[in-house]
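Peer 1: Next comes upload.txt, compact mmCIF, C-alpha atoms and all ligand atoms:
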# COMPACT_ATOMS: atom_id res chain seq x y z
CA MET X 283 93.94 -41.80 33.45
CA LEU X 284 96.83 -39.70 34.72
CA GLN X 285 97.90 -36.50 33.00
CA SER X 286 101.11 -38.10 31.75
CA ASP X 287 99.23 -41.08 30.35
CA ARG X 288 96.96 -38.74 28.55
CA ARG X 289 99.86 -36.98 26.90
CA ASP X 290 101.29 -40.31 25.83
CA PHE X 291 97.95 -41.24 24.43
CA LEU X 292 97.78 -38.05 22.40
CA LYS X 293 101.25 -38.77 21.08
CA LEU X 294 100.23 -42.29 20.20
CA THR X 295 97.31 -41.14 18.15
CA GLY X 296 99.60 -38.71 16.38
CA LEU X 297 96.80 -36.19 16.19
CA ALA X 298 96.22 -32.82 17.64
CA GLY X 299 93.12 -33.34 19.66
CA VAL X 300 91.48 -31.71 22.58
CA ALA X 301 91.28 -34.02 25.53
CA PHE X 302 88.48 -33.85 28.03
CA THR X 303 88.79 -35.92 31.15
CA ALA X 304 86.46 -36.08 34.05
CA GLY X 305 85.68 -38.44 36.84
CA LEU X 306 82.64 -39.53 34.94
CA PHE X 307 82.53 -42.88 36.58
CA PRO X 308 83.02 -41.26 39.98
CA ASN X 309 82.03 -44.27 41.97
CA GLN X 310 84.45 -46.69 40.42
CA ARG X 311 87.84 -47.45 41.87
CA ALA X 312 90.74 -47.96 39.54
CA ARG X 313 90.27 -51.18 37.63
CA ALA X 314 92.65 -53.65 36.14
CA GLN X 315 94.19 -52.10 33.02
CA ALA X 316 93.50 -55.26 31.06
CA ASN X 317 89.91 -54.15 30.81
CA ASP X 318 90.69 -50.65 29.54
CA PHE X 319 89.61 -49.99 26.00
CA HIS X 320 88.66 -47.24 23.63
CA PHE X 321 86.08 -46.71 20.93
CA VAL X 322 85.45 -44.01 18.32
CA GLN X 323 82.25 -42.04 17.88
CA PHE X 324 81.19 -40.76 14.46
CA SER X 325 78.08 -38.61 14.25
CA ASP X 326 75.92 -36.71 11.80
CA THR X 327 77.66 -37.69 8.59
CA HIS X 328 74.56 -36.64 6.58
CA TRP X 329 75.64 -38.56 3.48
CA GLY X 330 73.84 -37.02 0.49
CA TYR X 331 73.88 -33.44 1.77
CA SER X 332 74.95 -30.84 -0.73
CA GLY X 333 75.00 -27.14 0.00
CA PRO X 334 77.15 -24.16 0.83
CA ALA X 335 77.72 -25.23 4.45
CA ASN X 336 80.12 -27.92 3.16
CA PRO X 337 81.38 -27.71 -0.44
CA ASP X 338 83.53 -30.78 0.33
CA ALA X 339 80.53 -32.87 1.43
CA GLU X 340 81.32 -35.64 -1.03
CA HIS X 341 84.71 -36.31 0.53
CA THR X 342 84.47 -35.42 4.22
CA LEU X 343 83.24 -38.86 5.27
CA GLU X 344 85.99 -40.65 3.32
CA LYS X 345 88.57 -38.39 4.92
CA ALA X 346 87.22 -39.13 8.38
CA VAL X 347 87.35 -42.86 7.67
CA ALA X 348 90.99 -42.47 6.54
CA THR X 349 91.78 -40.40 9.62
CA VAL X 350 90.42 -43.04 11.98
CA ASN X 351 92.13 -45.83 10.00
CA GLY X 352 95.36 -43.91 10.58
CA LEU X 353 95.10 -43.99 14.38
CA ALA X 354 98.12 -45.79 15.80
CA ARG X 355 95.92 -47.44 18.39
CA GLN X 356 92.87 -48.78 16.61
CA PRO X 357 89.66 -48.67 18.66
CA ASP X 358 87.88 -51.83 19.82
CA PHE X 359 84.78 -50.68 17.96
CA ILE X 360 83.15 -47.68 16.29
CA VAL X 361 79.71 -46.17 16.87
CA PHE X 362 77.70 -43.86 14.61
CA THR X 363 75.21 -41.80 16.61
CA GLY X 364 72.73 -41.02 13.85
CA ASP X 365 72.01 -38.84 10.83
CA LEU X 366 74.06 -41.25 8.75
CA THR X 367 72.30 -39.88 5.68
CA HIS X 368 70.73 -36.55 4.83
CA THR X 369 66.96 -36.71 4.56
CA THR X 370 65.09 -37.07 1.29
CA ASP X 371 61.38 -37.48 0.53
CA ASP X 372 62.24 -40.07 -2.11
CA ALA X 373 62.24 -43.54 -0.55
CA LYS X 374 64.43 -44.90 -3.34
CA GLN X 375 67.00 -42.16 -2.97
CA ARG X 376 67.01 -42.70 0.81
CA ARG X 377 68.03 -46.32 0.22
CA GLU X 378 70.66 -45.30 -2.33
CA ARG X 379 72.18 -42.93 0.20
CA MET X 380 72.20 -45.62 2.89
CA LYS X 381 73.81 -48.06 0.48
CA ARG X 382 76.56 -45.63 -0.53
CA PHE X 383 77.11 -44.60 3.09
CA ARG X 384 77.54 -48.25 4.06
CA GLU X 385 80.04 -48.77 1.23
CA ILE X 386 82.15 -45.81 2.33
CA VAL X 387 82.28 -46.81 5.99
CA SER X 388 83.03 -50.42 5.07
CA ALA X 389 86.56 -49.09 4.42
CA LEU X 390 87.03 -48.71 8.19
CA THR X 391 89.80 -51.01 9.37
CA VAL X 392 87.83 -51.82 12.51
CA LYS X 393 84.99 -54.11 11.55
CA ASP X 394 82.96 -53.94 14.76
CA VAL X 395 80.74 -50.98 13.84
CA ARG X 396 77.43 -50.08 15.54
CA PHE X 397 74.87 -47.78 13.96
CA MET X 398 72.07 -45.65 15.30
CA PRO X 399 69.52 -43.63 13.32
CA GLY X 400 68.96 -39.87 13.34
CA GLU X 401 65.75 -38.14 12.34
CA HIS X 402 67.18 -37.63 8.84
CA ASP X 403 67.46 -41.41 8.44
CA ALA X 404 64.34 -42.59 10.16
CA SER X 405 61.68 -39.95 10.86
CA LEU X 406 59.96 -39.96 7.46
CA ASP X 407 59.36 -43.73 7.32
CA LYS X 408 59.51 -44.68 11.01
CA GLY X 409 62.88 -46.31 10.50
CA GLU X 410 61.80 -48.72 7.74
CA ALA X 411 64.69 -48.13 5.31
CA TYR X 412 67.17 -47.77 8.17
CA LYS X 413 66.26 -51.21 9.53
CA GLU X 414 66.71 -52.80 6.11
CA PHE X 415 70.30 -51.60 6.03
CA PHE X 416 71.43 -51.36 9.63
CA GLY X 417 69.11 -53.51 11.73
CA ALA X 418 67.51 -52.64 15.05
CA THR X 419 67.18 -48.99 16.03
CA HIS X 420 67.61 -49.70 19.74
CA TYR X 421 69.66 -52.47 21.32
CA THR X 422 72.26 -53.26 23.97
CA PHE X 423 75.67 -54.88 23.98
CA ASP X 424 78.41 -55.47 26.50
CA HIS X 425 82.10 -54.81 26.08
CA LYS X 426 84.79 -55.54 28.65
CA GLY X 427 82.51 -55.02 31.61
CA VAL X 428 80.69 -51.97 30.27
CA HIS X 429 77.01 -52.17 29.35
CA PHE X 430 76.08 -50.15 26.24
CA ILE X 431 72.50 -49.09 25.51
CA ALA X 432 71.52 -47.56 22.15
CA LEU X 433 68.27 -45.60 22.36
CA ASP X 434 66.12 -44.49 19.41
CA ASN X 435 64.54 -41.05 19.85
CA VAL X 436 64.02 -40.41 16.12
CA SER X 437 61.91 -43.17 14.52
CA ASP X 438 58.93 -41.41 16.03
CA PRO X 439 58.88 -38.11 14.06
CA ALA X 440 57.73 -36.34 17.23
CA ALA X 441 61.12 -37.18 18.81
CA LYS X 442 59.82 -39.60 21.42
CA LEU X 443 61.37 -42.73 22.83
CA GLY X 444 57.86 -43.99 23.43
CA ASP X 445 56.42 -46.03 26.28
CA GLU X 446 57.37 -49.33 24.73
CA GLN X 447 61.05 -48.46 24.46
CA LEU X 448 61.02 -46.91 27.94
CA ALA X 449 59.60 -50.15 29.35
CA TRP X 450 62.31 -52.07 27.47
CA LEU X 451 64.94 -49.73 28.98
CA ALA X 452 63.50 -50.16 32.48
CA ALA X 453 63.58 -53.97 32.09
CA ASP X 454 67.18 -53.87 30.87
CA LEU X 455 68.29 -51.61 33.73
CA LYS X 456 66.63 -53.88 36.26
CA GLN X 457 69.26 -56.48 35.42
CA ARG X 458 72.12 -54.11 36.28
CA LYS X 459 73.72 -53.48 39.64
CA THR X 460 73.49 -49.84 40.64
CA ASP X 461 77.26 -49.37 40.29
CA ASP X 462 77.60 -51.13 36.90
CA ARG X 463 79.26 -49.02 34.23
CA ILE X 464 76.63 -47.98 31.70
CA VAL X 465 77.08 -46.04 28.45
CA VAL X 466 73.96 -44.73 26.74
CA MET X 467 74.14 -43.72 23.09
CA THR X 468 71.44 -41.87 21.24
CA HIS X 469 70.93 -39.20 18.57
CA ARG X 470 69.10 -36.30 20.19
CA PRO X 471 69.87 -34.85 23.62
CA LEU X 472 67.85 -36.67 26.27
CA PHE X 473 67.68 -33.48 28.33
CA ASP X 474 66.23 -30.07 27.41
CA LEU X 475 69.34 -28.51 25.91
CA GLN X 476 67.62 -25.76 23.91
CA PRO X 477 63.84 -26.20 23.66
CA SER X 478 63.41 -23.18 21.34
CA TRP X 479 65.64 -24.96 18.80
CA ASP X 480 63.92 -28.29 19.45
CA TRP X 481 67.14 -29.66 20.97
CA THR X 482 65.27 -32.00 23.27
CA THR X 483 63.66 -35.44 23.37
CA ALA X 484 59.95 -35.17 24.11
CA ASP X 485 60.06 -37.89 26.79
CA GLY X 486 63.81 -37.86 27.41
CA ALA X 487 63.30 -36.90 31.05
CA LYS X 488 61.69 -40.30 31.61
CA ALA X 489 64.83 -42.06 30.37
CA ILE X 490 67.03 -39.92 32.60
CA GLU X 491 64.76 -40.71 35.55
CA LEU X 492 65.21 -44.43 34.88
CA LEU X 493 68.99 -43.97 34.71
CA MET X 494 69.31 -41.84 37.85
CA PRO X 495 69.57 -44.72 40.37
CA TYR X 496 72.69 -45.95 38.54
CA SER X 497 75.83 -44.27 39.73
CA ASN X 498 78.08 -44.79 36.67
CA VAL X 499 76.21 -43.61 33.61
CA VAL X 500 77.52 -41.53 30.74
CA VAL X 501 75.60 -40.52 27.60
CA PHE X 502 76.99 -39.92 24.10
CA TYR X 503 74.84 -38.29 21.46
CA GLY X 504 74.88 -36.19 18.27
CA HIS X 505 72.27 -34.09 16.48
CA ILE X 506 73.60 -30.67 17.58
CA HIS X 507 76.72 -30.84 15.37
CA GLN X 508 79.18 -29.63 17.98
CA GLU X 509 81.10 -30.78 21.00
CA HIS X 510 79.03 -30.10 24.11
CA HIS X 511 79.16 -31.36 27.70
CA HIS X 512 76.37 -31.20 30.22
CA MET X 513 75.51 -32.83 33.54
CA THR X 514 72.05 -33.88 34.68
CA GLY X 515 72.83 -34.71 38.30
CA HIS X 516 75.72 -37.20 38.22
CA ILE X 517 75.08 -38.21 34.58
CA ALA X 518 77.35 -36.64 31.95
CA HIS X 519 76.03 -36.02 28.43
CA HIS X 520 78.57 -35.50 25.62
CA ALA X 521 77.52 -34.30 22.17
CA ALA X 522 79.86 -34.99 19.26
CA ASN X 523 80.98 -32.94 16.30
CA SER X 524 79.37 -33.60 12.97
CA LEU X 525 81.08 -34.60 9.74
CA ILE X 526 79.07 -32.30 7.50
CA PHE X 527 78.70 -28.84 9.04
CA ALA X 528 78.85 -27.23 12.47
CA LEU X 529 75.85 -25.66 14.17
CA PRO X 530 75.97 -22.63 16.48
CA ALA X 531 76.24 -22.93 20.25
CA PRO X 532 72.81 -23.45 21.86
CA GLY X 533 70.90 -20.17 21.93
CA SER X 534 73.89 -18.13 20.69
CA GLN X 535 71.92 -16.68 17.76
CA PRO X 536 68.23 -16.48 16.84
CA LYS X 537 68.31 -19.43 14.42
CA ARG X 538 70.14 -22.72 14.46
CA ALA X 539 71.38 -22.25 10.86
CA PRO X 540 74.67 -24.00 9.94
CA LEU X 541 77.86 -22.05 10.60
CA ALA X 542 79.34 -20.63 7.42
CA TYR X 543 81.96 -22.74 5.66
CA ASP X 544 85.46 -21.34 6.10
CA ALA X 545 87.47 -21.99 2.92
CA ALA X 546 90.67 -21.09 4.76
CA MET X 547 89.97 -23.83 7.30
CA PRO X 548 88.00 -26.61 5.65
CA GLY X 549 86.94 -29.19 8.17
CA LYS X 550 86.79 -26.64 10.97
CA GLY X 551 84.34 -27.77 13.64
CA LEU X 552 84.07 -31.24 12.11
CA GLY X 553 85.49 -34.47 13.40
CA THR X 554 85.15 -37.72 15.25
CA ARG X 555 85.94 -38.55 18.84
CA ASP X 556 87.97 -41.14 20.64
CA VAL X 557 86.59 -42.34 23.97
CA THR X 558 88.88 -44.18 26.36
CA MET X 559 87.21 -46.13 29.13
CA THR X 560 89.25 -46.76 32.23
CA ASP X 561 88.05 -45.89 35.70
CA LYS X 562 87.47 -42.54 33.99
CA VAL X 563 86.14 -41.61 30.60
CA THR X 564 88.59 -39.65 28.48
CA LEU X 565 87.46 -37.93 25.32
CA VAL X 566 89.82 -36.84 22.56
CA GLU X 567 88.29 -34.89 19.71
CA LEU X 568 89.80 -35.96 16.39
CA PRO X 569 89.74 -33.40 13.58
CA VAL X 570 89.55 -34.66 10.01
CA THR X 571 93.19 -34.66 8.88
CA ARG X 572 93.60 -37.26 6.13
CA SER X 573 92.73 -36.72 2.53
CA MET H 791 33.68 -33.98 9.96
CA HIS H 792 35.98 -31.61 11.75
CA ARG H 793 37.39 -32.85 14.96
CA ARG H 794 38.27 -29.89 17.08
CA THR H 795 41.05 -29.96 19.57
CA MET H 796 41.03 -27.37 22.28
CA ILE H 797 43.96 -26.59 24.46
CA ALA H 798 43.34 -23.92 27.04
CA LEU H 799 46.46 -22.15 28.13
CA LEU H 800 45.78 -20.14 31.20
CA ALA H 801 49.11 -18.37 31.35
CA GLY H 802 49.59 -19.28 34.97
CA SER H 803 46.53 -17.60 36.32
CA ALA H 804 43.25 -19.00 37.59
CA LEU H 805 41.67 -15.71 36.58
CA GLY H 806 42.59 -16.61 33.01
CA ALA H 807 39.78 -19.14 32.83
CA ALA H 808 37.18 -16.59 33.78
CA ARG H 809 38.48 -14.02 31.33
CA LEU H 810 38.72 -16.59 28.58
CA ALA H 811 35.07 -17.43 29.06
CA ALA H 812 33.97 -13.82 29.30
CA GLU H 813 35.66 -12.41 26.20
CA THR H 814 35.39 -13.83 22.73
CA PRO H 815 38.95 -14.48 21.69
CA ALA H 816 40.20 -13.12 18.40
CA GLU H 817 40.80 -15.94 15.93
CA ILE H 818 44.19 -16.18 14.32
CA ARG H 819 44.45 -18.68 11.53
CA ILE H 820 47.83 -20.22 10.78
CA SER H 821 48.23 -22.80 8.06
CA ALA H 822 51.16 -25.18 7.81
CA LYS H 823 52.73 -26.84 4.81
CA LYS H 824 56.20 -28.12 3.96
CA PHE H 825 58.20 -26.12 5.07
CA GLU H 826 56.50 -22.99 6.33
CA PHE H 827 53.80 -21.51 8.47
CA HIS H 828 51.55 -18.91 6.92
CA PRO H 829 51.59 -16.32 8.35
CA ASN H 830 54.91 -16.83 10.12
CA ARG H 831 54.74 -13.55 12.04
CA VAL H 832 51.74 -12.93 14.21
CA THR H 833 51.18 -9.97 16.52
CA VAL H 834 48.78 -10.06 19.46
CA LYS H 835 48.15 -7.76 22.41
CA ALA H 836 49.18 -8.72 25.91
CA GLY H 837 46.19 -9.52 28.09
CA GLN H 838 43.83 -10.19 25.16
CA PRO H 839 42.65 -13.76 24.70
CA VAL H 840 43.33 -15.25 21.29
CA MET H 841 42.38 -18.48 19.60
CA LEU H 842 44.97 -19.97 17.28
CA VAL H 843 43.29 -22.00 14.54
CA LEU H 844 45.91 -24.29 13.06
CA THR H 845 45.48 -26.24 9.83
CA SER H 846 47.74 -28.24 7.54
CA GLU H 847 47.68 -28.28 3.76
CA ASP H 848 49.74 -31.39 3.22
CA ARG H 849 50.84 -33.70 6.03
CA ILE H 850 51.04 -33.87 9.77
CA HIS H 851 53.11 -31.07 11.27
CA GLY H 852 53.74 -30.00 14.83
CA PHE H 853 53.28 -26.64 16.51
CA LYS H 854 55.49 -25.96 19.46
CA MET H 855 55.97 -22.69 21.32
CA PRO H 856 58.09 -23.69 24.34
CA ASP H 857 58.03 -20.26 26.02
CA LEU H 858 54.24 -20.37 26.28
CA GLY H 859 54.01 -24.10 26.96
CA VAL H 860 52.14 -24.84 23.74
CA ARG H 861 52.58 -28.06 21.78
CA THR H 862 50.15 -29.79 19.49
CA ASP H 863 50.01 -31.82 16.30
CA ILE H 864 48.45 -30.23 13.22
CA VAL H 865 46.61 -32.92 11.29
CA PRO H 866 45.33 -32.31 7.75
CA GLY H 867 41.54 -32.12 7.53
CA GLN H 868 41.18 -30.82 11.07
CA GLU H 869 41.19 -27.46 12.74
CA THR H 870 43.39 -27.54 15.79
CA ARG H 871 42.38 -24.76 18.15
CA VAL H 872 44.68 -23.41 20.83
CA ALA H 873 43.34 -20.84 23.28
CA LEU H 874 45.98 -18.44 24.53
CA LEU H 875 46.04 -15.63 27.00
CA PRO H 876 49.46 -14.10 26.50
CA THR H 877 50.30 -11.85 29.42
CA LYS H 878 54.01 -11.22 29.00
CA PRO H 879 55.07 -8.90 26.18
CA GLY H 880 57.88 -10.20 24.02
CA SER H 881 58.61 -12.21 20.93
CA PHE H 882 58.21 -15.97 21.08
CA THR H 883 59.35 -18.57 18.57
CA PHE H 884 57.08 -21.34 17.36
CA PHE H 885 58.21 -24.17 15.12
CA CYS H 886 57.27 -27.52 13.64
CA ASP H 887 58.40 -30.34 15.92
CA VAL H 888 57.22 -33.29 13.83
CA PHE H 889 60.02 -34.05 11.37
CA CYS H 890 58.60 -33.38 7.92
CA GLY H 891 61.55 -33.48 5.51
CA GLY H 892 64.39 -31.46 4.01
CA GLY H 893 63.28 -28.00 5.14
CA HIS H 894 61.91 -29.08 8.52
CA GLU H 895 64.63 -27.29 10.48
CA ASP H 896 63.59 -23.96 8.93
CA MET H 897 59.88 -24.30 9.53
CA ASP H 898 59.25 -21.71 12.21
CA GLY H 899 57.62 -18.39 13.03
CA THR H 900 57.31 -15.70 15.67
CA LEU H 901 54.47 -14.64 17.92
CA ILE H 902 54.88 -11.05 18.99
CA VAL H 903 53.04 -10.07 22.14
CA ALA H 904 52.75 -6.29 22.14
CA ALA H 905 52.47 -4.42 25.45
CU CU N 1001 72.41 -33.92 12.04
FE FE N 1002 69.67 -34.87 13.83
Please, can you express the file's structure as structure tokens?
Peer 2:
Amino acid sequence: MLQSDRRDFLKLTGLAGVAFTAGLFPNQRARAQANDFHFVQFSDTHWGYSGPANPDAEHTLEKAVATVNGLARQPDFIVFTGDLTHTTDDAKQRRERMKRFREIVSALTVKDVRFMPGEHDASLDKGEAYKEFFGATHYTFDHKGVHFIALDNVSDPAAKLGDEQLAWLAADLKQRKTDDRIVVMTHRPLFDLQPSWDWTTADGAKAIELLMPYSNVVVFYGHIHQEHHHMTGHIAHHAANSLIFALPAPGSQPKRAPLAYDAAMPGKGLGTRDVTMTDKVTLVELPVTRS
Amino acid sequence: MHRRTMIALLAGSALGAARLAAETPAEIRISAKKFEFHPNRVTVKAGQPVMLVLTSEDRIHGFKMPDLGVRTDIVPGQETRVALLPTKPGSFTFFCDVFCGGGHEDMDGTLIVAA
């Protein structure tokens, strides 16, 4: 996407966002514009959380839904990269949270919505309740020539993909050409972002190894409650903001405690993200603006 | 019956194995429960072998100390033993890495290796 297009796009959305563009599909030539599309990423909504890190927790998700519904250019689809709900030991309450979460997001204008679990949703019951409400925890789909792969690194409470899922990934990748465009979505970072804060996936390196032969791979994830961009070789990894509270930059302080709520700027550090797929990947961070 | 798990951490030195065998390591017992380790601050001396004896009072937890390359499960009803020969002085974080509920993110502690 050219600079000028990007400005137009920002105008179209009518939102102040921060755009991030990179040649993330470096080995692709410009493609026919007919196949260009965009999707929106929500992450870490933690429905059911209450605490000082977000006194507005009961409304933030609704506001984000309204914000995305207000986009002039509606996305082709929406993805949620995990921690839909905040954890609870009570299996009944877990299901109530999932039910209410699903009701709130059903107000999204776009009806093609894909979910992924986070450890808060799935780690205490190995994804049992999650599957009742949202279906499979790992899956693939194709959209306008791009192959999407959702990976589950949370149903195992030890934050593993597991050999079975890795074999499934390997089999799926075998069907791709090495220059196919591939988007991986998952909850936790697949690489060792900050091991002392457990910002890793125990066997994430194995997934990255399987992806390395493919020249056009980009990864979207959540879990760390902040925008973050990192390369492992030619593969870009983009973490999304949360919709509940922001966490500190990796290693910036001794503990990964939530950043304090700023009453003067509610919604600071929270938001969703628009991802435009052309021959490049363009990210626009969307703050929560609607009430 | 207690199943004992032994992880020998040689701190990057082949000599470590010999020393570990020669000296009886001091035992340090750490128990885990939702959502804390007790004690959560442990001080050891650099160059002295220690044996961490890890137990759980309620459910499975994890024990991970990335700086020293330690990671193990802590299973209730077992003593999980981790042999350590810390050589580098400093303070090293350990934490639970098996998601255990609402306070999981705060379940951590510090190993201080004194010079
Ligand atoms: Cu989260
Ligand atoms: Fe998470």
Peer 1: Using all atoms listed in the file, which of the listed residues (H:Asn830, H:Thr862, H:Gln868, H:Thr883) sits closest to chain X?
Peer 2: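 Ranking H:Asn830, H:Thr862, H:Gln868, H:Thr883 by distance to chain X, first place goes to H:Thr883.
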Peer 1: Near chain X, which residues of chain H fall within 6 Å when you count only C-alpha atoms, and what do they look like as a PyMOL selection string?
Peer 2: chain H and resi 888-889+892
Peer 1: Restricting the calculation to all atoms listed in the file, which member of H:Ile850, H:Thr814, H:Gln838, H:Thr833 is positioned closest to Gly891 in chain H?
Peer 2: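 Among the listed residues, the smallest separation from Gly891 in chain H belongs to H:Ile850.
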Peer 1: At most 12 Å from (83.1, -58.2, 29.7), file frame, all atoms listed in the file: which residues, as an mmCIF file with C-alpha atoms, in the coordinates of the input?
Peer 2:
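As written to disk, result.cif reads:
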data_model
loop_
_atom_site.group_PDB
_atom_site.id
_atom_site.type_symbol
_atom_site.label_atom_id
_atom_site.label_comp_id
_atom_site.auth_asym_id
_atom_site.auth_seq_id
_atom_site.Cartn_x
_atom_site.Cartn_y
_atom_site.Cartn_z
ATOM 1 C CA ALA X 316 93.500 -55.260 31.060
ATOM 2 C CA ASN X 317 89.910 -54.150 30.810
ATOM 3 C CA ASP X 318 90.690 -50.650 29.540
ATOM 4 C CA PHE X 319 89.610 -49.990 26.000
ATOM 5 C CA PHE X 423 75.670 -54.880 23.980
ATOM 6 C CA ASP X 424 78.410 -55.470 26.500
ATOM 7 C CA HIS X 425 82.100 -54.810 26.080
ATOM 8 C CA LYS X 426 84.790 -55.540 28.650
ATOM 9 C CA GLY X 427 82.510 -55.020 31.610
ATOM 10 C CA VAL X 428 80.690 -51.970 30.270
ATOM 11 C CA HIS X 429 77.010 -52.170 29.350
ATOM 12 C CA PHE X 430 76.080 -50.150 26.240
ATOM 13 C CA ASP X 462 77.600 -51.130 36.900
ATOM 14 C CA ARG X 463 79.260 -49.020 34.230
#
Peer 1: Between X:Arg572, X:Arg384, X:Arg470, X:Lys374, single out the one closest to ligand FE 1002 (chain N), counting all atoms listed in the file.
Peer 2: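 With all atoms listed in the file as the atom set, the closest residue is X:Arg470.
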Peer 1: Identify, counting all atoms listed in the file, the protein, DNA and RNA residues located within 9 Å of ligand FE 1002 (chain N), and give them as a list in words.
Peer 2: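 Going residue by residue within 9 Å of ligand FE 1002 (chain N), we get Asp326, His328, Gly364, Asp365, Pro399, Gly400, Glu401, His402, Asp403, Val436, His469, Arg470, Gly504, His505, Ile506 and His507 of chain X.
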Peer 1: If I take CA of Met841 in chain H and CA of Val860 in chain H, how far is one from the other in Å, to one decimal?
Peer 2: 12.4 Å
Peer 1: Can you pull out every residue within 9 Å of His828 in chain H, counting only C-alpha atoms, but drop anything in the same chain fewer than 4 positions away, and send it as a list in words?
Peer 2: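 Residues meeting the cut-off are Arg819, Ile820, Ser821, Ala822, Lys823 and Gly899 of chain H.
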Peer 1: Smallest atom-to-atom distance to ligand CU 1001 (chain N): which of X:Ala339, X:Val501, X:Leu366, X:Val392, using all atoms listed in the file?
Peer 2: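 Looking at the shortest contact to ligand CU 1001 (chain N), the residue is X:Leu366.
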Peer 1: Between H:Gly852, H:Pro866, H:Pro876, H:Gly859, which residue has the minimum interatomic distance to Val840 in chain H, considering all atoms listed in the file?
Peer 2: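 Closest to Val840 in chain H, using all atoms listed in the file: H:Pro876.
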Peer 1: Take CA of His510 in chain X and CA of Ile386 in chain X and report the distance between them in Å, one decimal.
Peer 2: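 Separation of CA of His510 in chain X and CA of Ile386 in chain X: 27.0 Å.
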Peer 1: Report the distance between CA of Ala521 in chain X and CA of Tyr503 in chain X in Å, rounded to one decimal place.
Peer 2: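 A separation of 4.9 Å between them.
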Peer 1: Assuming 8 Å of padding per side, give the centre and edge lengths of the axis-aligned box around every listed atom of range 359-369 of chain X, in Å to one decimal and as lines of an AutoDock Vina configuration file.
Peer 2:
center_x = 75.9
center_y = -43.6
center_z = 11.3
size_x = 33.8
size_y = 30.1
size_z = 29.4
Peer 1: Could you check the closest approach to ligand CU 1001 (chain N) for each of X:Ile360, X:Phe416, X:Trp329, X:Tyr421 and tell me which residue wins, using all atoms listed in the file?
Peer 2: X:Trp329
Peer 1: Applying 8 Å and all atoms listed in the file, which residues near Ser573 in chain X remain after dropping the ones on its own chain fewer than 3 positions away? List them as a PyMOL selection string.
Peer 2: chain X and resi 344-345+348
